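Peer 1: Structure file target-v9.txt (compact mmCIF, C-alpha atoms) right here:
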# COMPACT_ATOMS: atom_id res chain seq x y z
CA MET A 1 80.70 74.40 127.73
CA THR A 2 83.47 75.48 125.38
CA LEU A 3 82.94 78.08 122.70
CA VAL A 4 84.82 77.55 119.47
CA ARG A 5 85.18 80.35 116.96
CA GLU A 6 85.63 79.39 113.33
CA ARG A 7 88.09 81.41 111.30
CA VAL A 8 86.67 83.01 108.17
CA VAL A 9 89.20 82.71 105.36
CA LEU A 10 89.61 85.42 102.75
CA SER A 11 89.21 84.71 99.03
CA THR A 12 89.62 87.00 96.04
CA SER A 13 85.85 87.10 95.65
CA SER A 14 85.27 88.15 99.28
CA ARG A 15 83.63 91.55 99.66
CA PRO A 16 85.20 92.96 102.81
CA MET A 17 83.47 95.55 104.93
CA LEU A 18 83.88 96.97 108.41
CA LYS A 19 81.82 95.18 111.02
CA ARG A 20 78.71 97.13 111.91
CA TYR A 21 80.05 97.96 115.35
CA CYS A 22 83.26 99.50 113.94
CA ARG A 23 83.79 102.90 112.40
CA LEU A 24 86.51 105.18 111.15
CA GLN A 25 86.65 108.54 112.89
CA PHE A 26 89.06 111.46 112.63
CA ASP A 27 90.63 112.55 115.93
CA PRO A 28 91.46 116.27 115.66
CA VAL A 29 93.56 116.22 118.85
CA ARG A 30 95.96 113.63 117.42
CA ASP A 31 95.38 114.77 113.84
CA ALA A 32 94.90 111.13 112.86
CA TRP A 33 92.22 108.65 111.85
CA ALA A 34 91.14 106.01 114.34
CA LEU A 35 89.23 102.80 113.85
CA LEU A 36 86.85 102.49 116.77
CA ALA A 37 85.65 99.09 117.90
CA PRO A 38 84.04 98.05 121.18
CA GLU A 39 86.61 98.63 123.91
CA ARG A 40 89.38 98.99 121.30
CA VAL A 41 90.92 101.77 119.25
CA TYR A 42 93.26 101.16 116.32
CA TRP A 43 95.43 103.83 114.72
CA PRO A 44 95.88 102.70 111.10
CA ASN A 45 98.71 104.12 109.02
CA GLU A 46 98.04 105.84 105.69
CA ILE A 47 97.97 102.70 103.54
CA SER A 48 95.94 100.71 106.09
CA LEU A 49 93.45 103.56 106.14
CA GLU A 50 93.16 103.49 102.34
CA ILE A 51 92.48 99.76 102.41
CA LEU A 52 89.89 100.09 105.18
CA ARG A 53 88.11 102.91 103.33
CA LEU A 54 87.72 100.61 100.33
CA CYS A 55 86.08 97.93 102.48
CA ASP A 56 82.49 98.89 101.72
CA GLY A 57 81.00 95.44 101.09
CA GLN A 58 80.54 96.31 97.41
CA ARG A 59 84.09 95.78 96.12
CA SER A 60 85.72 92.37 95.95
CA VAL A 61 89.26 91.88 97.23
CA GLY A 62 90.44 91.85 93.63
CA GLU A 63 88.77 95.21 92.99
CA VAL A 64 90.35 96.66 96.15
CA VAL A 65 93.77 95.49 94.96
CA ASP A 66 93.18 96.94 91.48
CA ARG A 67 92.07 100.28 92.91
CA LEU A 68 95.12 100.52 95.17
CA ALA A 69 97.44 99.47 92.34
CA GLU A 70 96.04 102.25 90.19
CA GLN A 71 96.20 104.80 93.00
CA TYR A 72 99.83 103.99 93.90
CA GLU A 73 100.87 103.28 90.29
CA THR A 74 102.20 99.80 91.00
CA PRO A 75 101.43 96.38 89.50
CA ALA A 76 98.49 94.67 91.22
CA GLU A 77 100.41 91.40 91.59
CA ASP A 78 103.07 93.24 93.64
CA ILE A 79 100.60 94.34 96.31
CA ALA A 80 97.92 91.63 96.19
CA GLU A 81 99.53 89.38 98.82
CA ASP A 82 100.08 92.29 101.24
CA VAL A 83 96.49 93.50 100.88
CA GLU A 84 95.13 89.98 101.34
CA ASP A 85 97.31 89.41 104.43
CA PHE A 86 96.16 92.73 105.88
CA LEU A 87 92.48 91.95 105.33
CA GLN A 88 92.84 88.45 106.78
CA GLU A 89 94.58 89.84 109.87
CA TRP A 90 91.86 92.43 110.43
CA ALA A 91 89.16 89.81 109.86
CA ASP A 92 90.86 87.69 112.52
CA ARG A 93 90.66 90.72 114.85
CA LEU A 94 86.88 90.76 114.17
CA VAL A 95 87.03 94.24 112.67
CA VAL A 96 86.51 93.36 109.00
CA ALA A 97 83.74 91.05 107.76
CA LEU A 98 84.52 88.93 104.70
Could you spell out this file's structure in structure tokens?

Peer 2:
Amino acid sequence: MTLVRERVVLSTSSRPMLKRYCRLQFDPVRDAWALLAPERVYWPNEISLEILRLCDGQRSVGEVVDRLAEQYETPAEDIAEDVEDFLQEWADRLVVAL
């Protein structure tokens, strides 16, 4: 028997959220935020952390991009592709649900 996993593809209407078995947690020893997943730990940088915090299942990808564009005072079209690539990569890692 062979198991085949289908890739979920991001769209602008997707409402990303962390998988239920993943969580963000501050590590006081390293003075950094970690994303904890079963048998894995990720250390997101500042911008990755901001994107992950916005992944609440309520906001669409477009709303996440708009919020980040406002926060970093940059045009949304300049960051949209990077945000979408990031979310697709983390969905492929089975950390973000789309």

Peer 1: I need the residue nearest Cys55 in chain A from this list: A:Leu87, A:Met17, A:Val29, A:Ile79. Use only C-alpha atoms for the distance.

Peer 2: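 Residue with the minimum atom-to-atom distance to Cys55 in chain A: A:Met17.
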
Peer 1: With a distance cut-off of 12 Å and all atoms listed in the file, select the neighbouring residues of Glu46 in chain A, excluding the residue or stretch itself and same-chain residues fewer than 5 positions from it, and output the selection as number ranges by chain.

Peer 2: A: 32-34, 51-53

Peer 1: What separation in Å, quoted to one decimal, exists between CA of Ala91 in chain A and CA of Thr74 in chain A?

Peer 2: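 Interatomic distance, CA of Ala91 in chain A to CA of Thr74 in chain A: 25.0 Å.
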
Peer 1: A:Leu3, A:Ser11, A:Arg23, A:Gln71: which is nearest Glu84 in chain A, counting all atoms listed in the file?

Peer 2: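 The shortest atom-to-atom distance to Glu84 in chain A comes from A:Ser11.
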
Peer 1: Taking all atoms listed in the file into account, which of A:Met1, A:Leu10, A:Val64, A:Cys22 comes nearest Pro38 in chain A?

Peer 2: A:Cys22

Peer 1: Find the axis-aligned box for range 11-19 of chain A, covering all its listed atoms and adding 5 Å on each side, and write its centre and edge lengths in Å to one decimal as AutoDock Vina command-line options.

Peer 2:
--center_x 85.7 --center_y 90.8 --center_z 103.3 --size_x 17.8 --size_y 22.3 --size_z 25.4

Peer 1: Using all atoms listed in the file, find the one residue out of A:Val41, A:Ile47, A:Arg20, A:Leu98 that sits nearest to Asp82 in chain A.

Peer 2: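 That would be A:Ile47, the residue with the smallest distance to Asp82 in chain A.
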
Peer 1: Rounded to one decimal place, report the CA of Ser13 in chain A-CA of Leu94 in chain A distance in Å.

Peer 2: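 CA of Leu94 in chain A lies at a distance of 18.9 Å from CA of Ser13 in chain A.
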
Peer 1: Can you measure CA of Gln88 in chain A to CA of Arg15 in chain A for me? One decimal in Å is fine.

Peer 2: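 Pair CA of Gln88 in chain A / CA of Arg15 in chain A returns 12.0 Å.
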
Peer 1: Excluding Val65 in chain A and its own-chain neighbours fewer than 4 positions away, which residues fall within 8 Å of it when counting only C-alpha atoms? Please give them as a PyMOL selection string.

Peer 2: chain A and resi 61+69+76+79-80+83

Peer 1: Which residue is closest to Arg5 in chain A? Choose from A:Asn45, A:Ala97, A:Gln58, A:Asp92 and count only C-alpha atoms.

Peer 2: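 Under the stated criterion, the closest residue is A:Asp92.
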
Peer 1: Just the residues within 9 Å of Tyr21 in chain A, please, counting all atoms listed in the file, with nothing from its chain fewer than 5 positions along; format it as a count of residues only.

Peer 2: 4

Peer 1: Kindly reconstruct range 41-71 of chain A with N, CA and C atoms and present the result as a short mmCIF file (atom, residue, chain, number, x, y, z; two decimals), in the frame of the given file.

Peer 2:
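selection02.cif written:
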data_model
loop_
_atom_site.label_atom_id
_atom_site.label_comp_id
_atom_site.auth_asym_id
_atom_site.auth_seq_id
_atom_site.Cartn_x
_atom_site.Cartn_y
_atom_site.Cartn_z
N VAL A 41 90.66 100.70 120.22
CA VAL A 41 90.92 101.77 119.25
C VAL A 41 92.18 101.38 118.49
N TYR A 42 92.10 101.43 117.17
CA TYR A 42 93.26 101.16 116.32
C TYR A 42 93.64 102.45 115.61
N TRP A 43 94.92 102.65 115.41
CA TRP A 43 95.43 103.83 114.72
C TRP A 43 96.10 103.39 113.42
N PRO A 44 95.31 103.20 112.36
CA PRO A 44 95.88 102.70 111.10
C PRO A 44 96.80 103.73 110.44
N ASN A 45 97.85 103.22 109.78
CA ASN A 45 98.71 104.12 109.02
C ASN A 45 98.01 104.50 107.72
N GLU A 46 98.66 105.29 106.90
CA GLU A 46 98.04 105.84 105.69
C GLU A 46 97.55 104.74 104.73
N ILE A 47 98.37 103.75 104.48
CA ILE A 47 97.97 102.70 103.54
C ILE A 47 96.88 101.82 104.14
N SER A 48 96.99 101.50 105.42
CA SER A 48 95.94 100.71 106.09
C SER A 48 94.61 101.45 106.01
N LEU A 49 94.66 102.74 106.21
CA LEU A 49 93.45 103.56 106.14
C LEU A 49 92.84 103.51 104.75
N GLU A 50 93.67 103.58 103.71
CA GLU A 50 93.16 103.49 102.34
C GLU A 50 92.48 102.15 102.08
N ILE A 51 93.08 101.08 102.58
CA ILE A 51 92.48 99.76 102.41
C ILE A 51 91.14 99.69 103.14
N LEU A 52 91.12 100.15 104.39
CA LEU A 52 89.89 100.09 105.18
C LEU A 52 88.78 100.93 104.56
N ARG A 53 89.13 102.07 103.98
CA ARG A 53 88.11 102.91 103.33
C ARG A 53 87.48 102.22 102.12
N LEU A 54 88.23 101.33 101.49
CA LEU A 54 87.72 100.61 100.33
C LEU A 54 86.87 99.41 100.72
N CYS A 55 86.85 99.08 101.99
CA CYS A 55 86.08 97.93 102.48
C CYS A 55 84.64 98.36 102.72
N ASP A 56 83.87 98.41 101.64
CA ASP A 56 82.49 98.89 101.72
C ASP A 56 81.45 97.79 101.51
N GLY A 57 81.91 96.55 101.33
CA GLY A 57 81.00 95.44 101.09
C GLY A 57 80.54 95.35 99.65
N GLN A 58 80.91 96.31 98.83
CA GLN A 58 80.54 96.31 97.41
C GLN A 58 81.68 95.80 96.54
N ARG A 59 82.91 96.16 96.91
CA ARG A 59 84.09 95.78 96.12
C ARG A 59 84.63 94.43 96.57
N SER A 60 85.06 93.62 95.61
CA SER A 60 85.72 92.37 95.95
C SER A 60 87.17 92.68 96.32
N VAL A 61 87.85 91.70 96.89
CA VAL A 61 89.26 91.88 97.23
C VAL A 61 90.06 92.22 95.98
N GLY A 62 89.76 91.56 94.88
CA GLY A 62 90.44 91.85 93.63
C GLY A 62 90.25 93.29 93.19
N GLU A 63 89.05 93.82 93.36
CA GLU A 63 88.77 95.21 92.99
C GLU A 63 89.50 96.17 93.92
N VAL A 64 89.60 95.83 95.20
CA VAL A 64 90.35 96.66 96.15
C VAL A 64 91.81 96.71 95.73
N VAL A 65 92.37 95.56 95.40
CA VAL A 65 93.77 95.49 94.96
C VAL A 65 93.96 96.32 93.69
N ASP A 66 93.07 96.18 92.73
CA ASP A 66 93.18 96.94 91.48
C ASP A 66 93.11 98.44 91.73
N ARG A 67 92.22 98.84 92.60
CA ARG A 67 92.07 100.28 92.91
C ARG A 67 93.32 100.83 93.56
N LEU A 68 93.89 100.08 94.51
CA LEU A 68 95.12 100.52 95.17
C LEU A 68 96.30 100.53 94.20
N ALA A 69 96.36 99.54 93.33
CA ALA A 69 97.44 99.47 92.34
C ALA A 69 97.40 100.69 91.43
N GLU A 70 96.20 101.06 91.04
CA GLU A 70 96.04 102.25 90.19
C GLU A 70 96.42 103.51 90.96
N GLN A 71 95.95 103.62 92.19
CA GLN A 71 96.20 104.80 93.00
C GLN A 71 97.70 104.99 93.28
#
